[in-house]
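One file, input_32.cif, carrying mmCIF, C-alpha atoms and all ligand atoms:
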data_work
loop_
_atom_site.group_PDB
_atom_site.id
_atom_site.type_symbol
_atom_site.label_atom_id
_atom_site.label_comp_id
_atom_site.auth_asym_id
_atom_site.auth_seq_id
_atom_site.Cartn_x
_atom_site.Cartn_y
_atom_site.Cartn_z
ATOM 1 C CA MET A 1 9.117 6.199 -16.600
ATOM 2 C CA GLN A 2 11.296 8.169 -14.232
ATOM 3 C CA ARG A 3 10.109 8.538 -10.658
ATOM 4 C CA PRO A 4 8.623 12.012 -10.166
ATOM 5 C CA PRO A 5 10.067 14.258 -7.455
ATOM 6 C CA PRO A 6 8.453 14.643 -4.021
ATOM 7 C CA THR A 7 6.038 17.476 -3.335
ATOM 8 C CA GLU A 8 5.435 19.503 -0.187
ATOM 9 C CA SER A 9 1.688 19.105 -0.697
ATOM 10 C CA TYR A 10 -0.384 16.422 1.041
ATOM 11 C CA GLN A 11 -2.023 15.542 -2.269
ATOM 12 C CA PRO A 12 0.186 13.580 -4.664
ATOM 13 C CA THR A 13 0.889 15.277 -7.980
ATOM 14 C CA ALA A 14 -0.598 13.876 -11.186
ATOM 15 C CA PRO A 15 2.811 12.442 -12.227
ATOM 16 C CA GLN A 16 3.178 10.789 -8.797
ATOM 17 C CA ARG A 17 -0.303 9.282 -9.164
ATOM 18 C CA ARG A 18 0.505 7.942 -12.632
ATOM 19 C CA TRP A 19 3.874 6.526 -11.549
ATOM 20 C CA THR A 20 2.575 4.868 -8.377
ATOM 21 C CA THR A 21 -0.463 3.435 -10.156
ATOM 22 C CA ALA A 22 1.776 2.052 -12.920
ATOM 23 C CA ARG A 23 4.069 0.463 -10.309
ATOM 24 C CA ASP A 24 1.331 -0.990 -8.116
ATOM 25 C CA ARG A 25 -1.425 -1.790 -10.660
ATOM 26 C CA GLY A 26 -3.870 -2.339 -7.800
ATOM 27 C CA CYS A 27 -4.300 -2.483 -4.057
ATOM 28 C CA ARG A 28 -1.003 -3.556 -2.515
ATOM 29 C CA HIS A 29 -2.509 -5.249 0.524
ATOM 30 C CA PRO A 30 -1.371 -8.885 0.322
ATOM 31 C CA GLY A 31 -4.040 -10.975 -1.353
ATOM 32 C CA CYS A 32 -6.260 -8.090 -2.434
ATOM 33 C CA GLN A 33 -7.285 -8.102 -6.087
ATOM 34 C CA ASN A 34 -8.813 -4.629 -6.302
ATOM 35 C CA ARG A 35 -7.558 -2.659 -9.264
ATOM 36 C CA ALA A 36 -5.680 0.624 -9.073
ATOM 37 C CA GLY A 37 -8.626 2.518 -10.508
ATOM 38 C CA TRP A 38 -10.446 1.810 -7.266
ATOM 39 C CA ALA A 39 -7.469 2.507 -5.041
ATOM 40 C CA ASP A 40 -6.393 5.428 -2.903
ATOM 41 C CA LEU A 41 -2.794 6.569 -2.786
ATOM 42 C CA ASP A 42 -1.754 6.028 0.804
ATOM 43 C CA HIS A 43 1.111 7.712 2.642
ATOM 44 C CA VAL A 44 2.723 4.588 4.173
ATOM 45 C CA VAL A 45 4.256 6.809 6.859
ATOM 46 C CA ALA A 46 1.380 9.194 7.580
ATOM 47 C CA HIS A 47 1.803 12.740 6.302
ATOM 48 C CA ALA A 48 0.838 13.974 9.779
ATOM 49 C CA ASP A 49 3.756 11.969 11.198
ATOM 50 C CA GLY A 50 6.227 13.529 8.791
ATOM 51 C CA GLY A 51 5.847 11.045 5.947
ATOM 52 C CA PRO A 52 6.697 12.761 2.669
ATOM 53 C CA THR A 53 4.457 12.917 -0.367
ATOM 54 C CA ASP A 54 6.996 10.939 -2.356
ATOM 55 C CA CYS A 55 6.562 7.818 -4.466
ATOM 56 C CA ALA A 56 8.940 6.082 -2.038
ATOM 57 C CA ASN A 57 6.255 6.649 0.639
ATOM 58 C CA LEU A 58 3.108 6.167 -1.451
ATOM 59 C CA CYS A 59 1.297 2.984 -2.365
ATOM 60 C CA CYS A 60 -2.090 2.022 -3.755
ATOM 61 C CA LEU A 61 -4.592 0.652 -1.242
ATOM 62 C CA CYS A 62 -8.274 0.036 -1.891
ATOM 63 C CA ARG A 63 -10.648 1.937 0.374
ATOM 64 C CA ARG A 64 -11.161 -1.104 2.620
ATOM 65 C CA HIS A 65 -7.462 -1.640 3.209
ATOM 66 C CA HIS A 66 -6.755 2.084 3.415
ATOM 67 C CA ARG A 67 -9.286 2.258 6.279
ATOM 68 C CA LEU A 68 -7.828 -0.840 7.861
ATOM 69 C CA LYS A 69 -4.336 0.677 7.815
ATOM 70 C CA THR A 70 -5.531 4.043 9.090
ATOM 71 C CA HIS A 71 -7.996 2.981 11.778
ATOM 72 C CA ALA A 72 -7.401 -0.604 12.915
ATOM 73 C CA PRO A 73 -4.977 -0.877 15.827
ATOM 74 C CA GLY A 74 -1.963 -3.121 15.762
ATOM 75 C CA TRP A 75 -1.266 -3.248 12.033
ATOM 76 C CA SER A 76 2.144 -2.250 10.703
ATOM 77 C CA PHE A 77 2.991 -1.226 7.124
ATOM 78 C CA HIS A 78 6.474 -0.671 5.751
ATOM 79 C CA LEU A 79 7.430 0.224 2.182
ATOM 80 C CA ASP A 80 10.952 -0.825 1.191
ATOM 81 C CA ALA A 81 13.054 1.147 -1.258
ATOM 82 C CA ASP A 82 12.425 -1.527 -3.915
ATOM 83 C CA GLY A 83 8.671 -1.088 -3.575
ATOM 84 C CA ALA A 84 8.044 -4.173 -1.439
ATOM 85 C CA LEU A 85 5.218 -3.542 1.029
ATOM 86 C CA LEU A 86 5.543 -5.431 4.328
ATOM 87 C CA VAL A 87 2.274 -5.773 6.197
ATOM 88 C CA THR A 88 2.285 -7.144 9.759
ATOM 89 C CA THR A 89 -0.974 -8.135 11.433
ATOM 90 C CA PRO A 90 -1.691 -7.522 15.116
ATOM 91 C CA ASN A 91 -0.853 -11.217 15.625
ATOM 92 C CA GLY A 92 2.633 -10.678 14.238
ATOM 93 C CA VAL A 93 2.129 -12.383 10.873
ATOM 94 C CA THR A 94 4.055 -10.549 8.127
ATOM 95 C CA ARG A 95 3.268 -10.742 4.422
ATOM 96 C CA VAL A 96 5.128 -9.019 1.625
ATOM 97 C CA SER A 97 3.594 -7.793 -1.587
ATOM 98 C CA ARG A 98 5.857 -6.774 -4.401
ATOM 99 C CA PRO A 99 4.785 -4.318 -7.058
ATOM 100 C CA PRO A 100 3.990 -6.184 -10.274
ATOM 101 C CA GLY A 101 4.958 -3.123 -12.280
ATOM 102 C CA ILE A 102 8.667 -3.629 -11.585
ATOM 103 C CA GLY A 103 8.845 -7.201 -12.768
ATOM 104 C CA PHE A 104 8.201 -9.371 -9.749
ATOM 105 C CA LEU A 105 5.763 -12.070 -10.726
ATOM 106 C CA GLU A 106 4.981 -13.637 -7.380
ATOM 107 C CA PRO A 107 2.973 -11.345 -5.120
ATOM 108 C CA PHE A 108 3.878 -13.089 -1.865
ATOM 109 C CA GLU A 109 7.258 -13.814 -0.430
ATOM 110 C CA LEU A 110 6.558 -15.168 3.010
ATOM 111 C CA GLY A 111 3.431 -17.248 2.522
ATOM 112 C CA GLY A 112 -0.084 -17.139 1.227
ATOM 113 C CA PRO A 113 -2.448 -14.222 1.142
ATOM 114 C CA LEU A 114 -4.029 -13.046 4.350
ATOM 115 C CA SER A 115 -7.403 -14.665 4.838
ATOM 116 C CA ASP A 116 -10.500 -12.549 5.296
ATOM 117 C CA ALA A 117 -10.752 -14.030 8.800
ATOM 118 C CA ASP A 118 -7.370 -12.479 9.674
ATOM 119 C CA ILE A 119 -8.577 -9.141 8.427
ATOM 120 C CA VAL A 120 -12.197 -9.127 9.570
ATOM 121 C CA SER A 121 -11.373 -10.283 13.101
ATOM 122 C CA VAL A 122 -9.517 -7.064 13.876
ATOM 123 C CA MET A 123 -11.467 -4.568 11.775
ATOM 124 C CA PRO A 124 -13.490 -2.227 13.983
ATOM 125 C CA PHE A 125 -16.083 -1.576 11.263
HETATM 126 ZN ZN ZN A 201 -7.336 -3.873 -0.917
#
Since I need it in another form, could you write the structure as structure tokens?
Ligand SMILES: [Zn+2]
Amino acid sequence: MQRPPPTESYQPTAPQRRWTTARDRGCRHPGCQNRAGWADLDHVVAHADGGPTDCANLCCLCRRHHRLKTHAPGWSFHLDADGALLVTTPNGVTRVSRPPGIGFLEPFELGGPLSDADIVSVMPF
């Protein structure tokens, strides 16, 4: 499946949604097991900050982790060109999740999944 072109719209196109969902298969937050059917497509660099609606800037996040990324202070998300998502907690711990849809079998590169305690302790809701 060829990567669909970017769009000027905020909303991803149907081909972008299919491609990103096929790449990610589920929420890309390290350690999260929620399936793509429950996930939002997130602009890793916010659309309001100039982030394009392009598969290179979109990833699947479940509603919980989408809210965490959007509203919790101190978290950092970066999507590499190869689809690796780097998530850094407010404490400076970085985890990488690789998209299973491009053939990487191990979801974590730099350690184990983030514990719920890491996540819950900084969530404002
Ligand atoms: Zn999630």
Residues of stretch 13-48 of chain A that have any atom at most 12 Å from an atom of stretch 69-79 of chain A: could you tabulate them with the shortest-distance atom pair and the distance in Å to one decimal, using only C-alpha atoms, ordered by chain and increasing number, as JSON lines?
{"residue": "A:Arg28", "atom": "CA", "partner": "A:Leu79", "partner_atom": "CA", "distance": 10.4}
{"residue": "A:His29", "atom": "CA", "partner": "A:Phe77", "partner_atom": "CA", "distance": 9.5}
{"residue": "A:Pro30", "atom": "CA", "partner": "A:Phe77", "partner_atom": "CA", "distance": 11.1}
{"residue": "A:Asp40", "atom": "CA", "partner": "A:Lys69", "partner_atom": "CA", "distance": 11.9}
{"residue": "A:Asp42", "atom": "CA", "partner": "A:Lys69", "partner_atom": "CA", "distance": 9.2}
{"residue": "A:His43", "atom": "CA", "partner": "A:Leu79", "partner_atom": "CA", "distance": 9.8}
{"residue": "A:Val44", "atom": "CA", "partner": "A:Phe77", "partner_atom": "CA", "distance": 6.5}
{"residue": "A:Val45", "atom": "CA", "partner": "A:His78", "partner_atom": "CA", "distance": 7.9}
{"residue": "A:Ala46", "atom": "CA", "partner": "A:Thr70", "partner_atom": "CA", "distance": 8.8}
{"residue": "A:His47", "atom": "CA", "partner": "A:Thr70", "partner_atom": "CA", "distance": 11.7}
{"residue": "A:Ala48", "atom": "CA", "partner": "A:Thr70", "partner_atom": "CA", "distance": 11.8}
With 4 Å added on each side, what axis-aligned box encloses every listed atom of stretch 72-79 of chain A? Give the centre and edge lengths in Å to one decimal, as JSON.
{"center_x": 0.0, "center_y": -1.5, "center_z": 9.0, "size_x": 22.8, "size_y": 11.5, "size_z": 21.6}
Pick from A:Leu61, A:Pro4, A:Val93, A:Arg25 nearest to A:Leu41, counting all atoms listed in the file:
A:Leu61
Give me, please, the distance in Å between atom CA of A:Gly51 and atom CA of A:Gly31, quoted to one decimal.
25.2 Å
Expected residue set, 9 Å radius at (-11.4, 0.2, 0.1), all atoms listed in the file, as a PyMOL selection string:
chain A and resi 27+34+38-40+61-68
Can you tell me how far atom CA of A:Gly92 sits from atom CA of A:Thr20, in Å to one decimal?
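We find that atom CA of A:Gly92 and atom CA of A:Thr20 lie 27.4 Å from each other.
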Counting all atoms listed in the file, which residue out of A:Pro100, A:Pro90, A:Gly50, A:Pro6 sits closest to A:Thr21?
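Result for the nearest residue to A:Thr21: A:Pro100.
Distances to A:Arg18 were evaluated for A:Thr89, A:Asn57, A:Gln33, A:Gln2 using all atoms listed in the file, and the minimum falls at A:Gln2.
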Once the PyMOL selection byres (((chain A and resi 95) around 6) and not hetatm) has been applied to the shown file, what residues remain in the selection, as number ranges by chain?
A: 86-87, 94, 96, 110
Expected file contents, prior selection, C-alpha atoms, as a CSV table (one decimal), keeping the file's coordinate frame:
chain,number,residue,atom,x,y,z
A,86,LEU,CA,5.5,-5.4,4.3
A,87,VAL,CA,2.3,-5.8,6.2
A,94,THR,CA,4.1,-10.5,8.1
A,96,VAL,CA,5.1,-9.0,1.6
A,110,LEU,CA,6.6,-15.2,3.0
Can you work out which one of A:Asp80, A:Ser97, A:Asp49, A:Pro5 has the shortest atom-to-atom distance to ligand ZN 201 (chain A), counting all atoms listed in the file?
A:Ser97
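When only C-alpha atoms are used to measure the gap to A:Ala36, the shortest distance among A:Met1, A:Cys59, A:Asp54, A:Gly83 belongs to A:Cys59.
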What separation in Å, quoted to one decimal, exists between atom CA of A:Arg35 and atom CA of A:Asn91?
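Pair atom CA of A:Arg35 / atom CA of A:Asn91 returns 27.2 Å.
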Determine the nearest neighbour of ligand ZN 201 (chain A) from the options A:Ala81, A:Ala22, A:Ala14, A:Cys32, counting all atoms listed in the file.
A:Cys32
List the residues matched by the PyMOL selection byres (((chain A and resi 8) around 8) and not hetatm) in the displayed structure as a list in words, ordered by chain and then by residue number.
Pro6, Thr7, Ser9, Tyr10, Pro52 and Thr53 of chain A
How would stretch 66-77 of chain A read, as a compact mmCIF listing (two decimals), keeping the file's coordinate frame, once all heavy atoms are built in?
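Done, and the output landed in out00.txt:
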# COMPACT_ATOMS: atom_id res chain seq x y z
N HIS A 66 -7.20 0.77 2.96
CA HIS A 66 -6.76 2.08 3.42
C HIS A 66 -7.36 2.37 4.80
O HIS A 66 -6.66 2.82 5.72
CB HIS A 66 -7.20 3.14 2.40
CG HIS A 66 -6.46 4.45 2.52
ND1 HIS A 66 -6.65 5.48 1.65
CD2 HIS A 66 -5.53 4.90 3.41
CE1 HIS A 66 -5.88 6.49 2.00
NE2 HIS A 66 -5.20 6.16 3.06
N ARG A 67 -8.64 2.05 4.96
CA ARG A 67 -9.29 2.26 6.28
C ARG A 67 -8.69 1.34 7.33
O ARG A 67 -8.49 1.75 8.48
CB ARG A 67 -10.79 2.02 6.16
CG ARG A 67 -11.48 3.15 5.45
CD ARG A 67 -12.97 2.95 5.42
NE ARG A 67 -13.61 4.08 4.80
CZ ARG A 67 -14.76 4.03 4.16
NH1 ARG A 67 -15.43 2.90 4.09
NH2 ARG A 67 -15.28 5.11 3.62
N LEU A 68 -8.44 0.10 6.92
CA LEU A 68 -7.83 -0.84 7.86
C LEU A 68 -6.50 -0.28 8.36
O LEU A 68 -6.23 -0.23 9.56
CB LEU A 68 -7.59 -2.19 7.16
CG LEU A 68 -6.75 -3.19 7.94
CD1 LEU A 68 -7.61 -3.89 8.99
CD2 LEU A 68 -6.11 -4.21 7.01
N LYS A 69 -5.66 0.16 7.44
CA LYS A 69 -4.34 0.68 7.82
C LYS A 69 -4.46 1.90 8.71
O LYS A 69 -3.71 2.06 9.68
CB LYS A 69 -3.54 1.03 6.56
CG LYS A 69 -2.19 1.65 6.86
CD LYS A 69 -1.48 2.06 5.60
CE LYS A 69 -0.18 2.77 5.92
NZ LYS A 69 -0.40 4.14 6.42
N THR A 70 -5.41 2.78 8.38
CA THR A 70 -5.53 4.04 9.09
C THR A 70 -6.17 3.88 10.46
O THR A 70 -5.78 4.56 11.41
CB THR A 70 -6.35 5.04 8.23
OG1 THR A 70 -5.70 5.18 6.97
CG2 THR A 70 -6.44 6.40 8.91
N HIS A 71 -7.17 3.00 10.57
CA HIS A 71 -8.00 2.98 11.78
C HIS A 71 -7.86 1.75 12.66
O HIS A 71 -8.19 1.80 13.84
CB HIS A 71 -9.47 3.15 11.40
CG HIS A 71 -9.75 4.44 10.69
ND1 HIS A 71 -9.60 5.67 11.31
CD2 HIS A 71 -10.14 4.70 9.43
CE1 HIS A 71 -9.91 6.63 10.45
NE2 HIS A 71 -10.23 6.06 9.29
N ALA A 72 -7.44 0.61 12.10
CA ALA A 72 -7.40 -0.60 12.92
C ALA A 72 -6.10 -0.63 13.71
O ALA A 72 -5.03 -0.44 13.15
CB ALA A 72 -7.51 -1.84 12.02
N PRO A 73 -6.19 -0.87 15.02
CA PRO A 73 -4.98 -0.88 15.83
C PRO A 73 -4.14 -2.13 15.59
O PRO A 73 -4.66 -3.19 15.27
CB PRO A 73 -5.51 -0.84 17.26
CG PRO A 73 -6.89 -1.42 17.17
CD PRO A 73 -7.41 -1.08 15.80
N GLY A 74 -2.85 -1.97 15.74
CA GLY A 74 -1.96 -3.12 15.76
C GLY A 74 -1.38 -3.54 14.43
O GLY A 74 -0.54 -4.43 14.38
N TRP A 75 -1.81 -2.91 13.34
CA TRP A 75 -1.27 -3.25 12.03
C TRP A 75 -0.04 -2.40 11.76
O TRP A 75 0.01 -1.23 12.15
CB TRP A 75 -2.31 -3.02 10.94
CG TRP A 75 -3.40 -4.03 10.95
CD1 TRP A 75 -4.45 -4.08 11.82
CD2 TRP A 75 -3.55 -5.14 10.07
NE1 TRP A 75 -5.24 -5.16 11.53
CE2 TRP A 75 -4.71 -5.83 10.45
CE3 TRP A 75 -2.82 -5.61 8.98
CZ2 TRP A 75 -5.15 -6.96 9.79
CZ3 TRP A 75 -3.27 -6.75 8.32
CH2 TRP A 75 -4.42 -7.41 8.73
N SER A 76 0.92 -2.98 11.05
CA SER A 76 2.14 -2.25 10.70
C SER A 76 2.40 -2.38 9.21
O SER A 76 2.29 -3.48 8.65
CB SER A 76 3.31 -2.85 11.50
OG SER A 76 4.54 -2.38 11.01
N PHE A 77 2.70 -1.26 8.56
CA PHE A 77 2.99 -1.23 7.12
C PHE A 77 4.35 -0.59 6.93
O PHE A 77 4.66 0.44 7.53
CB PHE A 77 1.93 -0.40 6.38
CG PHE A 77 0.58 -1.07 6.29
CD1 PHE A 77 -0.21 -1.23 7.41
CD2 PHE A 77 0.11 -1.53 5.07
CE1 PHE A 77 -1.46 -1.84 7.33
CE2 PHE A 77 -1.13 -2.14 4.97
CZ PHE A 77 -1.92 -2.29 6.10
